[in-house]
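*Asks:* This is the structure I want to talk about, given as structure tokens.
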Amino acid sequence: MPDPDQIAKAIPAEVRMISGCADSQTSADVSNVNSFQLPDPAGRAGGACTSALLKVLYKDEKAPDEDLSFQEVLMSMREILSEGDYTQIPQLTASRPLDVKTPFTIVPDGATGQRRALLIGINYVGQQGELSGCHNDVGNMKKYIMDVHGFPEENITVLMDDGIHPDPTRENIINGYRTLVNESSSGDSVFCHYSGHGGRLVDDDGDEEDGYDETLVPLDYNSAGQIRDDDLFKILVGAMPAGVTLTCLMDCCHSGTVLDLPYKFAADGDSEEMEYDEGFDMDGLAALAGIALAVGGADELAGLVAACCQII
């Protein structure tokens, strides 16, 4: 295991990610959020991971009466997903070893800095593999972080393919992450939410134990390519300043290690604490600053998009 100081040098910020499933699993697109008893201000569908999280933390548009730990939140999500016959196993990964029995939060106690968010929902309107729940995910999540965590609306950027907001193209997504990094400083709390397709591409630099890079699939992936986990590490995870708390919710397929974080807790019923991920490649990630952004091929993605998300 690398020295914690080495990890802190490569990842200066406190970064946490909740993902809907392991790298080898696919996510799900839920057509009826009413089964999750969610507020649905934006429509009639939502992602399984986002819906489960909000049922735990924002049922009936109210925060729980008592604080829930990270472990309790993820295990409750797993229970909700199981009741819906979903096999997804939510995961929590982090840049620092986190006591999962501490209260769940995206804004640390005593935080006095700015609160910023980037919310991305892609339904791929008119494309093969079109989804129906991702815009709703963003609407529900925006209301939650404003009501419960005090994020001001003017500090929330939304990218959606709805003809109203800026399109979630590869360029806009990357620029959105870069803007968060450039505007953030020690003491700030940052939240990122992605709801859309996720994919996998053959690893192009040898830093993945399973031989694949996990990816986000932007609206214009056919022409611009996918966004690899290596890209995300460079422009967001490794670039975020020290002292910032960055929390990400990735509701997409193959999302378990899409941010390449070194510590992991899986809500599988066996794990009791966060552990070091033996698949974490410290040397490979430390070298990413010298690697140009990679563009994933559209041909490689064709089969993945068709099979990625199960439409319910």
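By convention in this document, the chains of the structure tokens carry letters A, B, ... by their order, each chain's residues are numbered from 1, and ligands are numbered from 1 in the order they are shown.
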Against range 213-229 of chain A, which residues of range 145-186 of chain A fall within 10 Å? For each one I want the closest pair of atoms and the distance in Å (one decimal), counting only C-alpha atoms, rows by chain and increasing residue number, as a tab-separated table.
*Replies:*
residue	atom	partner	partner_atom	distance
A:Met160	CA	A:Leu219	CA	9.1
A:Asp161	CA	A:Leu219	CA	7.6
A:Asp167	CA	A:Leu219	CA	7.4
A:Pro168	CA	A:Leu219	CA	5.7
A:Thr169	CA	A:Leu219	CA	5.0
A:Arg170	CA	A:Pro218	CA	5.2
A:Glu171	CA	A:Ala224	CA	8.3
A:Asn172	CA	A:Pro218	CA	9.1
A:Ile173	CA	A:Pro218	CA	7.6
A:Ile174	CA	A:Ile227	CA	8.4
*Asks:* Can you tell me, as a ChimeraX atom specification, what residues are no more than 12 Å from range 268-271 of chain A when counting only C-alpha atoms, ignoring any on the same chain fewer than 4 positions away?
*Replies:* /A:21-22,71-72,74-79,81-82,87-92,100,264,275
*Asks:* Write the residues of the preceding selection, restricted to C-alpha atoms, as a short mmCIF file (atom, residue, chain, number, x, y, z; two decimals), in the first residue's frame.
*Replies:*
data_model
loop_
_atom_site.label_atom_id
_atom_site.label_comp_id
_atom_site.auth_asym_id
_atom_site.auth_seq_id
_atom_site.Cartn_x
_atom_site.Cartn_y
_atom_site.Cartn_z
CA CYS A 21 -22.51 -0.54 -9.16
CA ALA A 22 -19.14 -2.24 -9.56
CA GLN A 71 -22.62 2.60 5.98
CA GLU A 72 -26.31 2.89 6.85
CA LEU A 74 -25.30 2.52 1.39
CA MET A 75 -26.79 -0.58 3.03
CA SER A 76 -30.25 1.00 2.90
CA MET A 77 -29.70 1.74 -0.79
CA ARG A 78 -28.73 -1.88 -1.34
CA GLU A 79 -31.90 -3.06 0.45
CA LEU A 81 -32.43 -2.00 -4.87
CA SER A 82 -32.81 -5.63 -3.81
CA THR A 87 -28.49 -6.75 -8.42
CA GLN A 88 -26.49 -3.53 -8.20
CA ILE A 89 -24.13 -3.18 -5.22
CA PRO A 90 -23.58 0.46 -4.25
CA GLN A 91 -20.00 1.39 -3.44
CA LEU A 92 -18.27 4.21 -1.62
CA VAL A 100 -18.08 4.52 7.30
CA LYS A 264 -13.35 1.32 -1.04
CA GLU A 275 -10.33 -0.88 2.89
#
*Asks:* Which residues of range 225-291 of chain A have any atom within 12 Å of an atom in range 123-135 of chain A when counting only C-alpha atoms, and what is the closest pair of atoms for each, with the distance in Å to one decimal? Order the rows by chain and rising number and write it as CSV.
*Replies:*
residue,atom,partner,partner_atom,distance
A:Met250,CA,A:Cys134,CA,11.5
A:Asp251,CA,A:Cys134,CA,8.9
A:Cys252,CA,A:Cys134,CA,9.8
*Asks:* What is the CA of Asp67 in chain A-CA of Ala13 in chain A distance in Å, reported with one decimal?
*Replies:*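 If I compute the distance from CA of Asp67 in chain A to CA of Ala13 in chain A, I get 24.3 Å.
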*Asks:* Taking only range 172-218 of chain A into account, list the residues labelled strand (DSSP E or B) by DSSP (computed from the backbone), as a PyMOL selection string.
*Replies:* chain A and resi 189-195+198-202+212-216
*Asks:* Extract, using only C-alpha atoms, all DNA, RNA and protein residues at most 6 Å from range 154-157 of chain A, discarding same-chain residues fewer than 6 positions from it, and format them as a PyMOL selection string.
*Replies:* chain A and resi 116-118
*Asks:* To one decimal place in Å, what is the distance between CA of Asp109 in chain A and CA of Arg16 in chain A?
*Replies:*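 For CA of Asp109 in chain A relative to CA of Arg16 in chain A, the distance reads 15.8 Å.
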*Asks:* Just the number, please: distance in Å from CA of Asp188 in chain A to CA of Val244 in chain A, one decimal.
*Replies:* 5.1 Å
*Asks:* Determine the nearest neighbour of Met141 in chain A from the options A:Val107, A:Leu98, A:Leu249, A:Val73, counting only C-alpha atoms.
*Replies:*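 Closest to Met141 in chain A of all the choices is A:Leu249.
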*Asks:* Of the candidates A:Tyr276, A:Tyr58, A:Tyr86, A:Phe233, which one gets nearest to Val181 in chain A if we count only C-alpha atoms?
*Replies:*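 Between A:Tyr276, A:Tyr58, A:Tyr86, A:Phe233, the residue approaching Val181 in chain A most closely is A:Phe233.
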*Asks:* Can you list every residue in range 41-212 of chain A that DSSP puts in helix (DSSP H, G or I), as number ranges by chain?
*Replies:* A: 48-57, 59-61, 70-83, 134-149, 153-155, 170-183
*Asks:* Compile the contact shell of Pro12 in chain A as a list in words: residues with an atom at most 6 Å away, counting only C-alpha atoms, same-chain residues fewer than 2 positions apart removed.
*Replies:* Ala8, Lys9, Pro241 and Ala242 of chain A
*Asks:* Considering only C-alpha atoms, can you say which of A:Cys248, A:Phe70, A:Asn140, A:Leu159 comes closest to Cys192 in chain A?
*Replies:*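 When distances to Cys192 in chain A are compared using only C-alpha atoms, the smallest one comes from A:Cys248.
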